[in-house]
Structure formats: structure tokens, C-alpha cells
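All remarks here apply to the structure that follows.
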Amino acid sequence: MSALITHRSIEAICQLPQVPELRLPTRSSRGFGLRVPLGDSLARRACVSWGSHARTDRGRRSVSYSLSRRQEPGVLVLAGQQQEAQRVLDEFREACATPLEKLEKVVDSMVLEMEAGLAAEDGCLLKMLPSFVENLPKGTERGIYYALDLGGTNFRVLRAVFGGPGEGCMQESEIFTIPHDLMVGESDDLFDFIASKLRDFVLRETENKSPPPGRKRELGFTFSFPVMQTSVASGTLIHWSKGFKVAGTVGRDVVEVLREAISRQNLDMEVAALVNDTVGTLAGGRYINGDVMIAVILGTGTNACYVERAEAVPKWKGPPPKSGIHVINTEWGNFGSPTLPTTFADDDLDRESVNPSEHIFEKMMSGMYLGDLVRRVMLRLAKDAGYFGDSIPEKLTKKLALTTPDISKMHADDSPTLEVVGEILKKKLDLDPTRLEERRVVYSIIDIIARRGARLAAAAIVAVLRKIGRDGKSGNGTSKTVIAMDGGLYEHYTKFRDYLNEAFVDLLGEEAAKNVVIELSKDGSGIGAALLAACHSKYGSQ
């Protein structure tokens with residue numbers, strides 16, 4: 001028995017005592033997928049076939065399908081749905097592939113971009129910004145200093161009391177969430193909100209936690225966006241990133257913008273140092289370990305800074321630093337190269353972002369975007385393979401509906417039926433119920449995207465090591481190098497961290513990798529900013 005039927009007539013067909021051959025249109029607005037209730041007479045059948053022949057009826061091309069029994073009782077699916085999903089997944093996996101030879105090309109390309117950025121101010125993807133920081137902490141700092149750490153959807157205010165040589169420090173901090181409307185609003189509104197929280201934090205301190213009489217409070221301002229610094233305590237915002245697009249700030253001195261907001265709050269505080277979060281992390285790491293040469297942020301966004309020889313910065317026009325070094329802020333999130341394994345999901349995300357064609361590297365590997373990349377591949381499956389229901393789930397079309405903490409939890413699911421994956425898909429995307437095949441595909445998408453991002457992060461770190469001759473292949477491979485690492489992506493996403501470490505050893509080789517240590521520097525950018533305020537205090541740090 002053969003019949004040309006539509007999606008709407010499938011339920012009637014399911015009530016027939018024998019299963020007919022079903023000729024369904026090869027594609028509709030929902031692709032190949034079709035969910036079919038399992039009638040009693042069909043429960044005995046569990047055949048799978050994929051027809052390749054076609055006939056024309058009223059101008060419509062049709063393909064022969066048979067029904068396939070699902071693991072969950074009471075439901076049948078078309079075998080073509082799974083085959084189309086597998087095709088999309090295989091193509092995506094191939095596009096994301098990061099074999100060692102490809103990673104080596106990424107390393108080489110990034111080193112060339114670093115050298116170009118150190119030689120010229122304009123026309124380079126990597127800005128390679130001198131931080132004006134010459135004095136790095138030595139562990140002898142003393143006094144009470146503050147930090148404001150602004151680098152993502154949250155910001156932190158911190159008070160640190162440094163006790164001098166061998167005494168370490170005591171600190172207190174509070175974290176505040178920035179409302180989304182302020183992230184895309186006006187400059188004064190954002191900075192007034194930040195300054196008001198800073199004022200509230202100061203007002204709650206007791207007398208013994210305040211600076212001595214006659215001395216202003218001094219603040220280290222960690223501002224984790226591209227800035228062209230003009231001194232250790234001034235810098236012009238180049239552009240926003242990480243989902244921020246605040247009007248009235250680009251092209252202005254961000255320290256002056258903050259000072260004005262602090263003044264409007266009647267707060268007696270001076271900004272002693274402007275630092276990038278990576279520079280702050282480097283300073284915090286140096287306070288503990290003098291071998292720290294590189295700092296990396298892998299969190300909402302991503303960036304790195306490192307200690308460079310003064311003579312290796314041709315574009316520097318000022319007097320040579322007395323220390324003989326520059327701390328260089330790479331702004332590697334803006335790296336781009338044909339060597340990067342980009343996909344349709346990356347292109348779609350970039351096109352719909354607040355900064356199209358910018359920060360391509362960051363969009364492939366940072367916590368702001370990994371979850372949304374997974375969502376976009378799932379959306380492609382829903383459109384092309386009819387996955388996740390008879391119609392495209394509404395929440396699956398919403399940007400950032402799936403976050404990186406969500407995919408981290410799903411990636412850690414080792415249950416046979418991927419129960420955590422199912423629970424999160426239900427909670428965040430209203431996908432309920434989901435088939436085990438669907439959950440497995442989602443898990444595979446997560447694994448592909450996380451592995452690619454982690455391996456690219458490893459390649460970027462190796463590029464910095466190679467630039468300063470500490471990759472074991474450039475003449476200084478026996479020196480111990482410590483990398484201070486901060487950010488929730490590295491700290492909390494276990495499989496991402498494991499993939500990064502694996503690629504790191506692959507690129508360096510086992511022997512060279514023994515001389516490079518990655519140390520977690522949790523919240524290092526905040527304490528580092530307070531330390532740099534101490535190092536550059538107008539009162540001195542004693």
C-alpha cells in the first residue's frame with residue numbers, strides 16, 4: 001500500500017491496522033523531522049529505512065520513508081530526521097576541527113600579528129598596548145588601597161590592607177551586577193551606578209579600615225576594555241566589547257569619566273592607576289610569585305598581557321622605562337586570521353552582535369559566547385532536521401537563551417540517559433520531552449564547541465610564549481615561566497580546562513611543558529589593581 005500524505009494526515013495513517021509505505025515531501029518549512037504518536041497496531045513495528053526514490057505528484061517531489069520506533073514508548077520518528085541531523089553535526093565537527101598542524105598555523109599567525117602590533121599603532125588586529133606599568137609588586141607593599149574591577153556583566157569593589165614584607169594582605173570585596181540597560185545605555189548612567197556602589201561600600205567601613213587622616217583613599221581601576229593608555233592613570237577608550245555598547249564613552253579618558261562620577265557621589269577618592277584586568281592579574285601573580293611572566297583571562301571575555309623587553313616595542317616613543325620592560329596588553333580577543341576554524345554559527349553570532357567584524361577570536365572561545373554558539377547549532381538542527389518538536393521552539397530563537405554555565409553543567413553529565421542535559425534543555429529552552437538521540441546530539445555540539453575554544457586558547461598562550469622565547473623552541477626553553485590564569489571559564493568549566501591543558505602539552509611537547517606552569521589566580525585582577533595603586537601611590541606604599 002502506498003499513499004501520498006501530508007504532515008497533518010500522519011495521525012490518521014497511524015491508526016491503520018498495517019503500516020503503509022509513507023511518501024512525505026522531502027522538505028517543508030520544518031525540514032525532515034516529524035513526530036508521530038504510536039498507535040497500538042504500530043507498536044509491533046520498529047523498522048528503519050531511508051528511501052531514495054522519488055516520484056512527482058502535482059509537481060511535488062517525494063521520498064519514501066518508513067517509521068522508526070523511539071526509545072521512549074508511544075512515539076515514532078522518521079529515520080530521515082536523524083540522518084539529516086547527523087549530516088549537520090558531521091559538517092559542523094569537521095569545520096571546527098583543530099588538529100595540531102592547524103593550531104601551529106594559528107600560533108604562527110598570532111606571533112606575526114603581535115610583532116606588527118608592537119611596531120605600529122594603526123592597522124593591526126592586535127593592539128599590543130603598553131600599559132605604562134613599570135613597577136610590579138615585590139611583596140613589600142604596605143597600606144590600605146581600593147580597587148574597582150569592571151570587566152563584564154558584574155563588577156567588584158575591593159579594599160586591601162597590605163602588611164609589608166612577609167605579612168601578606170587582608171581584603172574585603174563586594175560584587176554587583178550591571179543591569180543590561182546600562183550596558184547599552186548612556187555613559188553617565190553606567191558610571192553613576194558604579195560610583196554609587198563604590199560609595200556605599202566605603203560608607204560601611206569602620207574607622208580602623210580607613211586611610212590615615214589627611215590622606216585620600218587611592219583606587220586602582222581595572223577596566224577590561226581596549227584602552228589607549230597615555231599614562232599609568234589615564235587612558236582613552238578605543239571601543240567597547242563583551243556585549244557593552246555605552247554611548248558617550250568611546251574616545252574619552254575613562255579615568256576622568258570615573259572621577260566625575262565619584263565627584264557626583266561626594267566621595268573623597270583618587271584614581272592612582274588604570275589597569276586592564278590582565279595587567280591586574282599579572283600584578284597579583286607577581287606579588288606571590290616572581291616567575292609570573294604572562295597573565296591570561298578566560299571568563300566572560302578573554303585577553304592576555306605579558307612582560308616584554310623594552311627594545312622589542314618599536315612603536316614606543318617615550319623615554320625608555322628604567323625597569324627595562326614593558327607590560328603589554330595584547331587585546332588578543334580581536335585576533336582574526338584565515339587559519340581560524342570558523343563556522344556558520346560564528347558568522348551568525350558575529351553578524352548579530354553589537355560589534356560585527358570585531359573580536360572574532362573572543363567570540364569563538366569566551367564565556368560570553370560559547371553557550372550561544374551551542375544554541376545556534378541547535379537552531380540549525382531545528383530548521384534543517386526538524387529536531388526539538390513539530391515547530392521551532394520559541395526560546396531557541398532567542399539570543400543568549402543558553403549560557404556557558406548551562407553548557408558546562410550539561411558537558412559534565414555522565415549519566416547513561418543524559419538526565420542533566422534534559423533538565424537544562426527543559427528549564428532554559430522549554431524543550432520537553434527530549435529524546436535520548438536529541439540529548440546526545442546536544443552533548444556532542446557542546447563538546448565540539450568547548451574543545452575548539454579550549455584548543456584555540458592554548459594556541460594563543462603558546463604564541464605569547466613563543467614571542468618571548470619561552471616555548472622551548474626559541475632559545476630559552478629551560479627558564480621556568482608561570483602563567484597567572486583568572487576567569488570562571490578556566491576555573492569552573494572542567495572539560496574546557498582539560499582540553500586546554502591537553503592542547504598545551506601537544507603544542508609545547510612534554511619536556512618543554514614541564515617548564516611552564518599555569519596557576520589559577522582567582523580574582524587576581526582586583527587585588528592586582530589595588531597593588532598597582534600602592535606601587536604608584538603619590539604617598540608611597542610604606
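Letters A, B, ... go to the chains of the C-alpha cells in the order shown; residues in each chain start at 1; ligands are counted from 1 in the same order.
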
Compile a residue-level contact table for stretch 214-311 of chain A against stretch 167-170 of chain A at a cut-off of 12 Å, reporting for every qualifying residue the shortest atom pair and its distance in Å to one decimal, with only C-alpha atoms counted, rows ordered by chain and ascending number, as JSON lines.
```
{"residue": "A:Gly284", "atom": "CA", "partner": "A:Cys169", "partner_atom": "CA", "distance": 11.3}
{"residue": "A:Tyr287", "atom": "CA", "partner": "A:Gly168", "partner_atom": "CA", "distance": 9.0}
{"residue": "A:Ile288", "atom": "CA", "partner": "A:Gly168", "partner_atom": "CA", "distance": 8.9}
```

Check: Skipping near chain neighbours, those fewer than 5 positions away, what residues fall within 8 Å of stretch 501-504 of chain A using only C-alpha atoms, listed as a PyMOL selection string?
Finding: chain A and resi 454-455+458-459+462+513

Item checked: Residues near A:Gly151, cut-off 10 Å, only C-alpha atoms, skip fewer than 4 positions along chain, as number ranges by chain -> A: 155-156, 222-225, 241-242, 244, 276-277, 299-301, 525

Next item on the list: Could you tell me, as a PyMOL selection string, which residues of stretch 252-356 of chain A DSSP assigns to strand (DSSP E or B) when given the backbone?
Entry: chain A and resi 253+269-275+292-298+302-309+325-329

Next item on the list: Using only C-alpha atoms, find the one residue out of A:Met293, A:Leu429, A:Ala460, A:Val420 that sits nearest to A:Val516.
Entry: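 Using only C-alpha atoms, A:Val516 sits closest to A:Met293.
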
Margin query: For a quick check of understanding, using only C-alpha atoms, which of A:Glu113, A:Glu394, A:Asp384, A:Glu218 has the smallest distance to A:Glu84?
Written below: A:Asp384

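DSSP on the backbone gives alpha helix (DSSP H) for these parts of stretch 176-244 of chain A: His180, Asp181, Leu182, Met183, Ser187, Asp188, Asp189, Leu190, Phe191, Asp192, Phe193, Ile194, Ala195, Ser196, Lys197, Leu198, Arg199, Asp200, Phe201, Val202 and Leu203 of chain A.
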
Next item on the list: Pick out the closest residue to A:Thr98 from this set: A:Ala484, A:Ile527, A:Ala345, A:Ala450. Count only C-alpha atoms.
Entry: A:Ala450

Checklist line | Who sits within 12 Å of A:Lys317, only C-alpha atoms, same chain under 6 positions skipped, as a PyMOL selection string | finding: chain A and resi 118-121+130+230+310-311

Next item on the list: May I have the residues within 6 Å of A:Gly280 as an MDAnalysis selection string, using only C-alpha atoms and disregarding those fewer than 2 positions away in the same chain?
Entry: chainID A and resid 277:278 282:283 525 528:529

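Each of A:Ala401, A:Ala412, A:Ala116, A:Val227 was compared to A:Arg375 using only C-alpha atoms, and A:Ala401 turns out to be the nearest.
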
Notebook entry, point to check: Any idea what's packed within 12 Å of A:Leu112, counting only C-alpha atoms, ignoring anything in its chain fewer than 5 positions away? Could you give it as a ChimeraX atom specification?
Noted result: /A:105-107,117-119,124-126,128,335-337,463-464,466-467

Selection above as a file: C-alpha atoms, as a short mmCIF file (atom, residue, chain, number, x, y, z; two decimals), in the first residue's frame:
```
data_model
loop_
_atom_site.label_atom_id
_atom_site.label_comp_id
_atom_site.auth_asym_id
_atom_site.auth_seq_id
_atom_site.Cartn_x
_atom_site.Cartn_y
_atom_site.Cartn_z
CA LYS A 105 49.35 27.84 11.95
CA VAL A 106 47.22 29.78 14.45
CA VAL A 107 50.30 30.19 16.69
CA GLY A 117 51.12 45.47 16.77
CA LEU A 118 54.35 46.22 18.65
CA ALA A 119 55.71 48.05 15.61
CA CYS A 124 46.86 45.88 13.31
CA LEU A 125 44.35 43.41 14.68
CA LEU A 126 46.28 43.08 17.93
CA MET A 128 49.60 45.40 21.77
CA PHE A 335 42.66 38.44 16.69
CA GLY A 336 41.43 37.20 13.35
CA SER A 337 43.00 35.00 10.70
CA ALA A 463 52.01 32.21 20.75
CA VAL A 464 52.87 34.56 23.64
CA ARG A 466 56.99 31.83 21.54
CA LYS A 467 57.12 35.62 21.23
#
```

Next item on the list: Skip A:Leu89 itself and residues of its chain fewer than 4 positions away, then list as a PyMOL selection string all residues within 9 Å of it, counting only C-alpha atoms.
Entry: chain A and resi 84-85+93-94+377+381+441+444-445

Preceding selection exported with N, CA, C and O atoms as an mmCIF file, in the first residue's frame:
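Contents of out.cif, as written:
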```
data_model
loop_
_atom_site.group_PDB
_atom_site.id
_atom_site.type_symbol
_atom_site.label_atom_id
_atom_site.label_comp_id
_atom_site.auth_asym_id
_atom_site.auth_seq_id
_atom_site.Cartn_x
_atom_site.Cartn_y
_atom_site.Cartn_z
ATOM 1 N N GLU A 84 19.561 13.484 8.738
ATOM 2 C CA GLU A 84 19.840 14.887 8.434
ATOM 3 C C GLU A 84 20.560 15.561 9.597
ATOM 4 O O GLU A 84 21.489 16.363 9.396
ATOM 5 N N ALA A 85 20.149 15.242 10.822
ATOM 6 C CA ALA A 85 20.825 15.802 12.000
ATOM 7 C C ALA A 85 22.280 15.372 12.033
ATOM 8 O O ALA A 85 23.171 16.172 12.341
ATOM 9 N N ARG A 93 31.313 19.476 12.936
ATOM 10 C CA ARG A 93 32.511 18.919 13.585
ATOM 11 C C ARG A 93 33.739 19.098 12.696
ATOM 12 O O ARG A 93 34.815 19.489 13.166
ATOM 13 N N GLU A 94 33.583 18.843 11.424
ATOM 14 C CA GLU A 94 34.711 18.979 10.503
ATOM 15 C C GLU A 94 35.168 20.435 10.412
ATOM 16 O O GLU A 94 36.372 20.718 10.395
ATOM 17 N N VAL A 377 23.703 26.274 16.783
ATOM 18 C CA VAL A 377 23.777 24.993 16.082
ATOM 19 C C VAL A 377 22.494 24.198 16.323
ATOM 20 O O VAL A 377 21.970 23.550 15.398
ATOM 21 N N LEU A 381 19.701 22.721 13.573
ATOM 22 C CA LEU A 381 19.124 21.378 13.586
ATOM 23 C C LEU A 381 17.601 21.430 13.588
ATOM 24 O O LEU A 381 16.937 20.615 12.944
ATOM 25 N N VAL A 441 22.980 14.431 20.743
ATOM 26 C CA VAL A 441 23.440 15.381 19.731
ATOM 27 C C VAL A 441 23.809 16.707 20.384
ATOM 28 O O VAL A 441 24.831 17.322 20.065
ATOM 29 N N SER A 444 27.079 16.384 22.001
ATOM 30 C CA SER A 444 28.155 16.395 21.013
ATOM 31 C C SER A 444 28.462 17.814 20.546
ATOM 32 O O SER A 444 29.629 18.184 20.366
ATOM 33 N N ILE A 445 27.439 18.624 20.349
ATOM 34 C CA ILE A 445 27.644 20.022 19.936
ATOM 35 C C ILE A 445 28.449 20.762 20.993
ATOM 36 O O ILE A 445 29.396 21.494 20.684
#
```

Check: Which of these, A:Ile328, A:Met368, A:Val88, A:Met228, has the shortest distance to A:Arg380 once you count only C-alpha atoms?
Finding: A:Val88
